[in-house]
file start25.json (JSON, C-alpha atoms)
[["chain", "number", "residue", "atom", "x", "y", "z"],
["A", 1, "MET", "CA", 46.37, 78.44, 48.40],
["A", 2, "PRO", "CA", 49.73, 80.02, 49.31],
["A", 3, "GLN", "CA", 51.08, 82.62, 46.85],
["A", 4, "SER", "CA", 54.27, 80.66, 46.27],
["A", 5, "TRP", "CA", 52.38, 77.56, 45.06],
["A", 6, "ARG", "CA", 52.20, 77.09, 41.31],
["A", 7, "ALA", "CA", 48.46, 77.03, 40.61],
["A", 8, "ASP", "CA", 48.64, 75.56, 37.10],
["A", 9, "THR", "CA", 50.17, 72.30, 38.39],
["A", 10, "LYS", "CA", 47.39, 71.74, 40.91],
["A", 11, "PRO", "CA", 45.85, 69.39, 41.95],
["A", 12, "HIS", "CA", 49.30, 68.14, 42.92],
["A", 13, "LYS", "CA", 50.53, 64.61, 42.20],
["A", 14, "PHE", "CA", 50.51, 63.25, 45.74],
["A", 15, "CYS", "CA", 47.99, 60.60, 46.81],
["A", 16, "PRO", "CA", 44.76, 61.56, 48.58],
["A", 17, "GLY", "CA", 45.53, 62.38, 52.22],
["A", 18, "CYS", "CA", 49.30, 62.54, 51.71],
["A", 19, "GLY", "CA", 51.24, 64.47, 54.35],
["A", 20, "HIS", "CA", 53.58, 66.04, 51.80],
["A", 21, "GLY", "CA", 50.81, 68.44, 50.77],
["A", 22, "LEU", "CA", 50.45, 69.66, 54.35],
["A", 23, "VAL", "CA", 54.20, 70.04, 54.94],
["A", 24, "LEU", "CA", 54.58, 71.93, 51.65],
["A", 25, "LYS", "CA", 51.55, 74.07, 52.52],
["A", 26, "CYS", "CA", 53.28, 75.11, 55.77],
["A", 27, "LEU", "CA", 56.50, 75.77, 53.82],
["A", 28, "GLY", "CA", 54.61, 77.84, 51.24],
["A", 29, "GLN", "CA", 52.91, 79.90, 53.94],
["A", 30, "ALA", "CA", 56.25, 80.47, 55.69],
["A", 31, "ILE", "CA", 57.85, 81.61, 52.38],
["A", 32, "ASP", "CA", 54.91, 83.98, 51.79],
["A", 33, "GLU", "CA", 55.11, 85.48, 55.28],
["A", 34, "LEU", "CA", 58.86, 86.03, 55.06],
["A", 35, "GLY", "CA", 58.56, 87.44, 51.50],
["A", 36, "ILE", "CA", 61.49, 85.42, 50.13],
["A", 37, "GLN", "CA", 59.86, 83.88, 47.05],
["A", 38, "GLY", "CA", 62.15, 85.75, 44.63],
["A", 39, "LYS", "CA", 65.44, 84.51, 46.10],
["A", 40, "THR", "CA", 64.61, 80.97, 47.22],
["A", 41, "VAL", "CA", 65.99, 77.77, 45.65],
["A", 42, "PHE", "CA", 64.10, 74.54, 46.31],
["A", 43, "GLY", "CA", 65.85, 71.19, 46.01],
["A", 44, "CYS", "CA", 63.88, 67.95, 46.16],
["A", 45, "ASP", "CA", 64.98, 64.37, 46.55],
["A", 46, "ILE", "CA", 64.02, 61.05, 44.98],
["A", 47, "GLY", "CA", 61.09, 59.25, 46.52],
["A", 48, "CYS", "CA", 57.63, 60.68, 46.86],
["A", 49, "SER", "CA", 59.20, 64.07, 47.58],
["A", 50, "LEU", "CA", 60.34, 64.33, 43.93],
["A", 51, "LEU", "CA", 56.71, 64.87, 42.95],
["A", 52, "SER", "CA", 57.17, 68.40, 44.30],
["A", 53, "TRP", "CA", 59.54, 69.31, 41.43],
["A", 54, "ASP", "CA", 56.91, 71.61, 39.87],
["A", 55, "PHE", "CA", 55.07, 72.36, 43.09],
["A", 56, "PHE", "CA", 56.33, 75.90, 43.79],
["A", 57, "ASN", "CA", 56.88, 79.03, 41.76],
["A", 58, "LEU", "CA", 60.52, 78.79, 42.81],
["A", 59, "ASP", "CA", 63.74, 77.77, 41.12],
["A", 60, "SER", "CA", 63.71, 74.01, 41.72],
["A", 61, "VAL", "CA", 66.30, 71.28, 41.31],
["A", 62, "GLN", "CA", 65.71, 67.54, 41.59],
["A", 63, "THR", "CA", 68.65, 65.39, 42.61],
["A", 64, "HIS", "CA", 69.69, 61.76, 43.05],
["A", 65, "HIS", "CA", 68.52, 59.72, 46.00],
["A", 66, "GLY", "CA", 69.70, 61.33, 49.24],
["A", 67, "ARG", "CA", 71.89, 63.86, 47.43],
["A", 68, "THR", "CA", 69.71, 66.92, 47.77],
["A", 69, "THR", "CA", 71.67, 68.21, 50.78],
["A", 70, "PRO", "CA", 75.09, 68.42, 49.01],
["A", 71, "VAL", "CA", 73.53, 69.86, 45.83],
["A", 72, "VAL", "CA", 71.78, 72.59, 47.80],
["A", 73, "THR", "CA", 74.96, 73.16, 49.82],
["A", 74, "GLY", "CA", 76.83, 73.75, 46.55],
["A", 75, "ILE", "CA", 74.23, 76.27, 45.40],
["A", 76, "LYS", "CA", 74.49, 78.06, 48.74],
["A", 77, "ARG", "CA", 78.29, 78.22, 48.58],
["A", 78, "ALA", "CA", 78.21, 79.59, 45.03],
["A", 79, "ARG", "CA", 75.45, 82.13, 45.69],
["A", 80, "PRO", "CA", 75.39, 82.90, 49.43],
["A", 81, "GLU", "CA", 72.63, 85.51, 49.03],
["A", 82, "LEU", "CA", 70.06, 82.86, 48.05],
["A", 83, "ILE", "CA", 67.81, 81.02, 50.49],
["A", 84, "CYS", "CA", 68.35, 77.31, 49.86],
["A", 85, "ILE", "CA", 65.89, 74.63, 50.97],
["A", 86, "ALA", "CA", 66.59, 70.89, 50.78],
["A", 87, "TYR", "CA", 63.40, 68.85, 50.89],
["A", 88, "MET", "CA", 63.57, 65.08, 51.39],
["A", 89, "GLY", "CA", 61.76, 62.09, 52.79],
["A", 90, "ASP", "CA", 62.93, 59.75, 55.52],
["A", 91, "GLY", "CA", 64.16, 57.17, 52.99],
["A", 92, "GLY", "CA", 66.41, 59.74, 51.33],
["A", 93, "GLY", "CA", 67.42, 61.64, 54.43],
["A", 94, "TYR", "CA", 67.78, 58.90, 57.06],
["A", 95, "SER", "CA", 69.02, 55.88, 55.14],
["A", 96, "ILE", "CA", 70.73, 56.44, 51.79],
["A", 97, "GLY", "CA", 71.55, 60.11, 52.29],
["A", 98, "VAL", "CA", 72.24, 60.13, 56.01],
["A", 99, "GLN", "CA", 75.98, 60.72, 55.53],
["A", 100, "HIS", "CA", 75.27, 63.91, 53.58],
["A", 101, "LEU", "CA", 72.78, 65.19, 56.13],
["A", 102, "ILE", "CA", 75.10, 64.45, 59.06],
["A", 103, "SER", "CA", 78.13, 65.96, 57.28],
["A", 104, "ALA", "CA", 76.21, 69.11, 56.37],
["A", 105, "ALA", "CA", 75.08, 69.45, 60.00],
["A", 106, "ALA", "CA", 78.62, 68.86, 61.29],
["A", 107, "ARG", "CA", 80.06, 71.46, 58.87],
["A", 108, "ASP", "CA", 77.30, 73.86, 59.91],
["A", 109, "GLU", "CA", 76.29, 74.71, 56.35],
["A", 110, "LYS", "CA", 73.91, 77.68, 56.16],
["A", 111, "ILE", "CA", 71.07, 75.76, 54.54],
["A", 112, "THR", "CA", 67.62, 74.62, 55.61],
["A", 113, "ALA", "CA", 66.77, 70.91, 55.40],
["A", 114, "ILE", "CA", 63.15, 69.80, 55.72],
["A", 115, "LEU", "CA", 62.40, 66.10, 56.06],
["A", 116, "ALA", "CA", 58.99, 64.43, 55.87],
["A", 117, "ASN", "CA", 58.92, 61.21, 57.94],
["A", 118, "ASN", "CA", 56.17, 58.76, 56.95],
["A", 119, "THR", "CA", 57.86, 55.67, 58.50],
["A", 120, "GLN", "CA", 58.47, 53.77, 55.22],
["A", 121, "TYR", "CA", 59.56, 53.95, 51.57],
["A", 122, "ALA", "CA", 56.29, 55.07, 50.05],
["A", 123, "MET", "CA", 57.05, 55.48, 46.36],
["A", 124, "THR", "CA", 58.39, 51.93, 45.85],
["A", 125, "GLY", "CA", 55.35, 50.38, 47.50],
["A", 126, "GLY", "CA", 55.76, 50.71, 51.26],
["A", 127, "GLN", "CA", 58.88, 48.75, 52.26],
["A", 128, "MET", "CA", 60.42, 48.94, 55.73],
["A", 129, "ALA", "CA", 62.57, 52.02, 56.35],
["A", 130, "PRO", "CA", 64.85, 52.79, 59.34],
["A", 131, "THR", "CA", 61.97, 54.79, 60.84],
["A", 132, "THR", "CA", 59.33, 52.04, 60.69],
["A", 133, "MET", "CA", 57.58, 51.59, 64.05],
["A", 134, "PRO", "CA", 57.91, 48.25, 65.92],
["A", 135, "GLY", "CA", 54.99, 46.02, 64.97],
["A", 136, "GLN", "CA", 54.10, 48.09, 61.92],
["A", 137, "LYS", "CA", 53.17, 46.01, 58.89],
["A", 138, "THR", "CA", 54.92, 46.92, 55.64],
["A", 139, "GLU", "CA", 55.60, 45.09, 52.38],
["A", 140, "THR", "CA", 58.88, 43.63, 53.68],
["A", 141, "THR", "CA", 57.68, 43.06, 57.26],
["A", 142, "PRO", "CA", 54.28, 41.41, 56.71],
["A", 143, "TYR", "CA", 54.07, 40.22, 60.35],
["A", 144, "GLY", "CA", 55.09, 43.60, 61.75],
["A", 145, "ARG", "CA", 58.60, 44.98, 62.34],
["A", 146, "ASP", "CA", 60.44, 42.81, 64.84],
["A", 147, "PRO", "CA", 62.96, 44.86, 66.89],
["A", 148, "GLU", "CA", 64.87, 41.64, 67.69],
["A", 149, "THR", "CA", 66.08, 41.28, 64.12],
["A", 150, "THR", "CA", 65.62, 44.73, 62.57],
["A", 151, "GLY", "CA", 66.17, 47.09, 65.49],
["A", 152, "PHE", "CA", 64.23, 50.04, 66.76],
["A", 153, "PRO", "CA", 63.23, 53.15, 64.79],
["A", 154, "LEU", "CA", 66.04, 55.57, 64.01],
["A", 155, "HIS", "CA", 65.86, 58.86, 65.89],
["A", 156, "GLY", "CA", 67.18, 60.93, 63.02],
["A", 157, "GLN", "CA", 66.36, 64.34, 64.39],
["A", 158, "GLU", "CA", 68.21, 63.65, 67.66],
["A", 159, "MET", "CA", 71.13, 62.29, 65.61],
["A", 160, "VAL", "CA", 71.34, 65.52, 63.59],
["A", 161, "ALA", "CA", 70.99, 67.57, 66.78],
["A", 162, "SER", "CA", 73.84, 65.74, 68.49],
["A", 163, "VAL", "CA", 76.38, 66.47, 65.71],
["A", 164, "SER", "CA", 75.25, 70.03, 64.94],
["A", 165, "ARG", "CA", 76.80, 73.16, 66.41],
["A", 166, "GLU", "CA", 75.32, 75.33, 69.16],
["A", 167, "GLU", "CA", 73.86, 77.90, 66.76],
["A", 168, "ALA", "CA", 71.98, 75.33, 64.66],
["A", 169, "TYR", "CA", 68.21, 75.02, 64.73],
["A", 170, "VAL", "CA", 66.86, 71.46, 64.94],
["A", 171, "ALA", "CA", 63.19, 70.69, 65.56],
["A", 172, "ARG", "CA", 60.56, 68.06, 64.93],
["A", 173, "GLY", "CA", 56.99, 69.03, 64.05],
["A", 174, "SER", "CA", 53.94, 67.03, 63.12],
["A", 175, "ILE", "CA", 51.15, 67.52, 60.62],
["A", 176, "ALA", "CA", 48.78, 66.96, 63.55],
["A", 177, "ASN", "CA", 49.76, 70.48, 64.73],
["A", 178, "LEU", "CA", 50.14, 72.59, 61.62],
["A", 179, "ARG", "CA", 50.58, 75.98, 63.30],
["A", 180, "GLN", "CA", 53.48, 74.64, 65.35],
["A", 181, "LEU", "CA", 55.01, 73.03, 62.26],
["A", 182, "LYS", "CA", 54.74, 76.30, 60.35],
["A", 183, "SER", "CA", 56.42, 78.23, 63.17],
["A", 184, "PHE", "CA", 59.25, 75.65, 63.24],
["A", 185, "ILE", "CA", 59.78, 75.96, 59.47],
["A", 186, "LYS", "CA", 59.68, 79.75, 59.74],
["A", 187, "LYS", "CA", 62.29, 79.76, 62.51],
["A", 188, "ALA", "CA", 64.46, 77.41, 60.43],
["A", 189, "LEU", "CA", 64.28, 79.75, 57.42],
["A", 190, "GLU", "CA", 65.01, 82.78, 59.63],
["A", 191, "ASN", "CA", 68.03, 80.93, 61.03],
["A", 192, "GLN", "CA", 69.37, 80.69, 57.48],
["A", 193, "MET", "CA", 68.38, 84.25, 56.51],
["A", 194, "LYS", "CA", 70.36, 85.65, 59.46],
["A", 195, "GLU", "CA", 73.28, 83.36, 58.44],
["A", 196, "ILE", "CA", 73.41, 81.86, 61.91],
["A", 197, "GLY", "CA", 73.79, 78.21, 61.02],
["A", 198, "PHE", "CA", 72.36, 74.90, 59.87],
["A", 199, "SER", "CA", 68.64, 74.41, 60.31],
["A", 200, "PHE", "CA", 66.73, 71.17, 60.15],
["A", 201, "VAL", "CA", 63.02, 70.42, 60.61],
["A", 202, "GLU", "CA", 61.59, 66.90, 60.60],
["A", 203, "ALA", "CA", 57.85, 66.70, 60.01],
["A", 204, "LEU", "CA", 55.87, 63.62, 61.01],
["A", 205, "SER", "CA", 53.85, 62.89, 57.90],
["A", 206, "ALA", "CA", 51.14, 60.49, 56.74],
["A", 207, "CYS", "CA", 50.90, 57.83, 54.04],
["A", 208, "PRO", "CA", 47.33, 56.45, 53.99],
["A", 209, "THR", "CA", 47.97, 54.57, 50.73],
["A", 210, "ASN", "CA", 50.75, 52.34, 52.08],
["A", 211, "TRP", "CA", 49.61, 52.27, 55.71],
["A", 212, "ARG", "CA", 46.26, 51.06, 54.28],
["A", 213, "THR", "CA", 44.36, 53.28, 56.72],
["A", 214, "ASN", "CA", 41.21, 55.32, 56.39],
["A", 215, "ALA", "CA", 41.09, 58.94, 57.52],
["A", 216, "ALA", "CA", 40.29, 58.17, 61.19],
["A", 217, "GLU", "CA", 43.07, 55.56, 61.50],
["A", 218, "THR", "CA", 45.51, 57.91, 59.75],
["A", 219, "TRP", "CA", 44.95, 60.66, 62.33],
["A", 220, "ASP", "CA", 45.15, 58.07, 65.13],
["A", 221, "PHE", "CA", 48.52, 56.82, 63.84],
["A", 222, "ILE", "CA", 49.97, 60.35, 63.56],
["A", 223, "GLU", "CA", 48.58, 61.68, 66.82],
["A", 224, "GLU", "CA", 48.84, 58.64, 69.12],
["A", 225, "LYS", "CA", 51.36, 56.09, 67.80],
["A", 226, "MET", "CA", 54.11, 58.12, 66.13],
["A", 227, "PRO", "CA", 54.83, 60.54, 69.05],
["A", 228, "VAL", "CA", 55.62, 57.50, 71.25],
["A", 229, "TYR", "CA", 58.97, 57.14, 69.43],
["A", 230, "PHE", "CA", 59.28, 60.54, 67.77],
["A", 231, "LYS", "CA", 58.98, 63.33, 70.33],
["A", 232, "VAL", "CA", 57.68, 66.59, 68.89],
["A", 233, "GLY", "CA", 59.54, 69.76, 69.85],
["A", 234, "GLU", "CA", 62.63, 71.89, 69.41],
["A", 235, "THR", "CA", 65.78, 69.95, 70.32],
["A", 236, "ARG", "CA", 68.29, 72.66, 69.53],
["A", 237, "LYS", "CA", 67.45, 76.31, 69.17],
["A", 238, "ASN", "CA", 69.40, 79.50, 69.13],
["A", 239, "GLU", "CA", 67.98, 81.81, 71.78],
["B", 1, "MET", "CA", 48.30, 74.69, 30.58],
["B", 2, "THR", "CA", 46.05, 76.67, 32.83],
["B", 3, "MET", "CA", 43.41, 74.88, 34.84],
["B", 4, "GLU", "CA", 40.22, 76.55, 35.89],
["B", 5, "PHE", "CA", 38.78, 75.50, 39.22],
["B", 6, "GLN", "CA", 35.07, 76.04, 39.59],
["B", 7, "PRO", "CA", 34.16, 76.94, 43.18],
["B", 8, "ARG", "CA", 30.92, 75.70, 44.76],
["B", 9, "THR", "CA", 29.81, 77.94, 47.61],
["B", 10, "GLN", "CA", 27.31, 77.01, 50.32],
["B", 11, "GLU", "CA", 25.87, 79.86, 52.35],
["B", 12, "LEU", "CA", 25.50, 78.73, 55.97],
["B", 13, "GLU", "CA", 24.41, 80.44, 59.14],
["B", 14, "LYS", "CA", 27.91, 81.35, 60.36],
["B", 15, "GLY", "CA", 29.76, 81.76, 57.07],
["B", 16, "TYR", "CA", 30.41, 80.69, 53.50],
["B", 17, "PHE", "CA", 31.82, 77.22, 52.81],
["B", 18, "THR", "CA", 33.51, 77.12, 49.40],
["B", 19, "LEU", "CA", 34.76, 73.85, 47.90],
["B", 20, "PHE", "CA", 36.79, 73.41, 44.70],
["B", 21, "PRO", "CA", 35.81, 69.92, 43.42],
["B", 22, "GLY", "CA", 38.66, 70.16, 40.89],
["B", 23, "LEU", "CA", 41.12, 70.03, 43.80],
["B", 24, "CYS", "CA", 39.33, 67.67, 46.23],
["B", 25, "LYS", "CA", 40.76, 64.11, 46.18],
["B", 26, "GLY", "CA", 38.29, 62.70, 48.70],
["B", 27, "CYS", "CA", 40.83, 61.75, 51.41],
["B", 28, "GLY", "CA", 38.38, 62.54, 54.23],
["B", 29, "LEU", "CA", 40.92, 64.11, 56.61],
["B", 30, "CYS", "CA", 38.69, 67.19, 57.03],
["B", 31, "ILE", "CA", 35.63, 65.08, 57.93],
["B", 32, "GLU", "CA", 37.53, 63.50, 60.85],
["B", 33, "LYS", "CA", 38.93, 66.82, 62.08],
["B", 34, "CYS", "CA", 35.66, 68.80, 62.07],
["B", 35, "PRO", "CA", 34.85, 69.66, 65.71],
["B", 36, "LYS", "CA", 31.09, 69.82, 65.02],
["B", 37, "LYS", "CA", 31.01, 66.74, 62.74],
["B", 38, "SER", "CA", 29.27, 68.94, 60.19],
["B", 39, "LEU", "CA", 31.12, 67.70, 57.09],
["B", 40, "GLY", "CA", 29.94, 64.76, 55.01],
["B", 41, "TRP", "CA", 30.28, 63.22, 51.57],
["B", 42, "SER", "CA", 28.61, 65.08, 48.74],
["B", 43, "ASP", "CA", 27.08, 63.95, 45.43],
["B", 44, "VAL", "CA", 29.54, 66.12, 43.52],
["B", 45, "LEU", "CA", 32.60, 64.16, 42.37],
["B", 46, "GLY", "CA", 36.14, 65.35, 42.97],
["B", 47, "VAL", "CA", 39.16, 65.23, 40.66],
["B", 48, "TYR", "CA", 39.71, 61.45, 40.98],
["B", 49, "GLY", "CA", 36.01, 60.56, 40.63],
["B", 50, "THR", "CA", 35.63, 60.12, 44.38],
["B", 51, "PRO", "CA", 32.96, 61.97, 46.36],
["B", 52, "SER", "CA", 33.88, 65.47, 47.49],
["B", 53, "VAL", "CA", 32.71, 67.00, 50.78],
["B", 54, "ARG", "CA", 29.89, 69.29, 51.80],
["B", 55, "ALA", "CA", 28.97, 71.06, 55.03],
["B", 56, "ASN", "CA", 25.65, 71.09, 56.86],
["B", 57, "SER", "CA", 24.06, 73.79, 59.02],
["B", 58, "ASP", "CA", 26.10, 72.85, 62.14],
["B", 59, "CYS", "CA", 29.21, 74.45, 60.59],
["B", 60, "ILE", "CA", 30.69, 77.21, 62.76],
["B", 61, "ALA", "CA", 33.20, 78.40, 60.10],
["B", 62, "CYS", "CA", 36.18, 77.69, 62.38],
["B", 63, "GLY", "CA", 38.43, 76.91, 59.41],
["B", 64, "ILE", "CA", 40.05, 73.69, 60.72],
["B", 65, "CYS", "CA", 39.01, 71.82, 57.54],
["B", 66, "ARG", "CA", 40.70, 74.53, 55.46],
["B", 67, "ASP", "CA", 43.91, 74.15, 57.49],
["B", 68, "VAL", "CA", 44.09, 70.33, 57.29],
["B", 69, "CYS", "CA", 43.24, 70.03, 53.58],
["B", 70, "PRO", "CA", 46.48, 68.93, 51.83],
["B", 71, "ASP", "CA", 45.13, 70.20, 48.49],
["B", 72, "CYS", "CA", 43.80, 73.62, 49.57],
["B", 73, "ALA", "CA", 40.36, 72.64, 48.21],
["B", 74, "ILE", "CA", 38.37, 74.39, 50.95],
["B", 75, "HIS", "CA", 37.94, 78.10, 51.53],
["B", 76, "ILE", "CA", 36.01, 79.45, 54.54],
["B", 77, "GLU", "CA", 34.69, 82.96, 54.88],
["B", 78, "LYS", "CA", 33.21, 83.97, 58.21],
["B", 79, "LYS", "CA", 30.15, 86.21, 58.26],
["B", 80, "VAL", "CA", 30.85, 89.50, 59.98],
["B", 81, "LYS", "CA", 28.45, 90.32, 62.81],
["B", 82, "HIS", "CA", 26.75, 93.69, 62.53]]

call {"tool": "encode", "arguments": {"input": "start25.json", "output": "structure tokens"}}
result
Amino acid sequence: MPQSWRADTKPHKFCPGCGHGLVLKCLGQAIDELGIQGKTVFGCDIGCSLLSWDFFNLDSVQTHHGRTTPVVTGIKRARPELICIAYMGDGGGYSIGVQHLISAAARDEKITAILANNTQYAMTGGQMAPTTMPGQKTETTPYGRDPETTGFPLHGQEMVASVSREEAYVARGSIANLRQLKSFIKKALENQMKEIGFSFVEALSACPTNWRTNAAETWDFIEEKMPVYFKVGETRKNE
Amino acid sequence: MTMEFQPRTQELEKGYFTLFPGLCKGCGLCIEKCPKKSLGWSDVLGVYGTPSVRANSDCIACGICRDVCPDCAIHIEKKVKH
């Protein structure tokens, strides 16, 4: 268990097999390796990601839906010496809070945003989100998402990359490759620590409860189906 | 509130496989990822009353199950060769 995790709140509140645990494990290991536990502020969103409000031994703030980016931006502007992390899901970051994420990227705020993409709104019961894959069955698309009427999945990471400045760091990792995801998160935090610019990491995550998959089908969905639309890699990096 | 997690250690040929049933939620991600297919369901129940996991003698102590566990319920210690 990473040092920065809060052991007395474990086992954590996420469902069995949830990808949030793996993304936050990578984040905790990155915080440990950089030695920034004492000066880090963690902001979490509404949705399943709010269940991480007591996850870390860090100063944490929990905000309204999609509003974690501006709250963390305010903390960063008031106390520039702190390391500020905004943690959100794809419902908060790519639909209701997309204007905040895009504006923060365009203004090149010196914060780190981490987004877990599980292709639907998990906490409210698995409704269709902008990132739902074509043909994927959810509560509101019981015959599978039809691109004719509801469009194709939103490429949020490419959208953030296209409005961000040259010095920003924008990458997409996957919980199928945890070492790569950890190195992306570490680079994003280093980008903030050196005060270079905005950094954003999207992590492809899992939701076995609402996908209604067993462990084998969960790995198949993350490793085979999701990378068809969501390409893993670093879109924008500061060499 | 402080929670105590009781570890259960299995000594295997290549290393020590330690499981914390108080953390294991029985998702089964580690069973699918094991390259030697050496993990299986155990009689010991996890935190949600679901079966936890155990290793058999094929385990090579590679540590992939420890990496993919979202709850950090597995600890692997490799035996040092003398």

call {"tool": "residues_around", "arguments": {"input": "start25.json", "residues": "B:Cys72", "least_positions_apart": "5", "cutoff": "12 Å", "atoms": "only C-alpha atoms", "output": "ChimeraX atom specification"}}
result
/A:1-3,5,7,10-12,17,21-22,24-26,28-29 /B:5,18-25,30,63-67

call {"tool": "write_last_selection", "arguments": {"input": "start25.json", "atoms": "C-alpha atoms", "output": "tab-separated table (two decimals), in the frame of the given file"}}
result
chain	number	residue	atom	x	y	z
A	1	MET	CA	46.37	78.44	48.40
A	2	PRO	CA	49.73	80.02	49.31
A	3	GLN	CA	51.08	82.62	46.85
A	5	TRP	CA	52.38	77.56	45.06
A	7	ALA	CA	48.46	77.03	40.61
A	10	LYS	CA	47.39	71.74	40.91
A	11	PRO	CA	45.85	69.39	41.95
A	12	HIS	CA	49.30	68.14	42.92
A	17	GLY	CA	45.53	62.38	52.22
A	21	GLY	CA	50.81	68.44	50.77
A	22	LEU	CA	50.45	69.66	54.35
A	24	LEU	CA	54.58	71.93	51.65
A	25	LYS	CA	51.55	74.07	52.52
A	26	CYS	CA	53.28	75.11	55.77
A	28	GLY	CA	54.61	77.84	51.24
A	29	GLN	CA	52.91	79.90	53.94
B	5	PHE	CA	38.78	75.50	39.22
B	18	THR	CA	33.51	77.12	49.40
B	19	LEU	CA	34.76	73.85	47.90
B	20	PHE	CA	36.79	73.41	44.70
B	21	PRO	CA	35.81	69.92	43.42
B	22	GLY	CA	38.66	70.16	40.89
B	23	LEU	CA	41.12	70.03	43.80
B	24	CYS	CA	39.33	67.67	46.23
B	25	LYS	CA	40.76	64.11	46.18
B	30	CYS	CA	38.69	67.19	57.03
B	63	GLY	CA	38.43	76.91	59.41
B	64	ILE	CA	40.05	73.69	60.72
B	65	CYS	CA	39.01	71.82	57.54
B	66	ARG	CA	40.70	74.53	55.46
B	67	ASP	CA	43.91	74.15	57.49

call {"tool": "atom_distance", "arguments": {"input": "start25.json", "atom1": "atom CA of A:Gln62", "atom2": "atom CA of B:Val47"}}
result
26.7 Å

call {"tool": "closest_residue", "arguments": {"input": "start25.json", "among": "A:Met159, A:Ala216, A:Val61, A:Val232", "to": "chain B", "atoms": "all atoms listed in the file"}}
result
A:Ala216

call {"tool": "closest_residue", "arguments": {"input": "start25.json", "among": "A:Pro227, A:Pro70, A:Gly151, A:Gly197", "to": "A:Arg165", "atoms": "all atoms listed in the file"}}
result
A:Gly197

call {"tool": "residues_around", "arguments": {"input": "start25.json", "residues": "A:Cys18", "least_positions_apart": "6", "cutoff": "10 Å", "atoms": "all atoms listed in the file", "output": "PyMOL selection string"}}
result
(chain A and resi 48+118+205-209) or (chain B and resi 27+29+69-71)

call {"tool": "closest_residue", "arguments": {"input": "start25.json", "among": "B:Arg54, B:Lys14, B:His82, B:Arg8", "to": "B:Ser38", "atoms": "only C-alpha atoms"}}
result
B:Arg54

call {"tool": "residues_around", "arguments": {"input": "start25.json", "residues": "A:Lys39", "least_positions_apart": "4", "cutoff": "8 Å", "atoms": "all atoms listed in the file", "output": "list of chain:residue names"}}
result
A:Glu81, A:Leu82, A:Ile83

call {"tool": "write_last_selection", "arguments": {"input": "start25.json", "atoms": "C-alpha atoms", "output": "compact mmCIF listing (two decimals), in the coordinates of the input"}}
result
# COMPACT_ATOMS: atom_id res chain seq x y z
CA GLU A 81 72.63 85.51 49.03
CA LEU A 82 70.06 82.86 48.05
CA ILE A 83 67.81 81.02 50.49
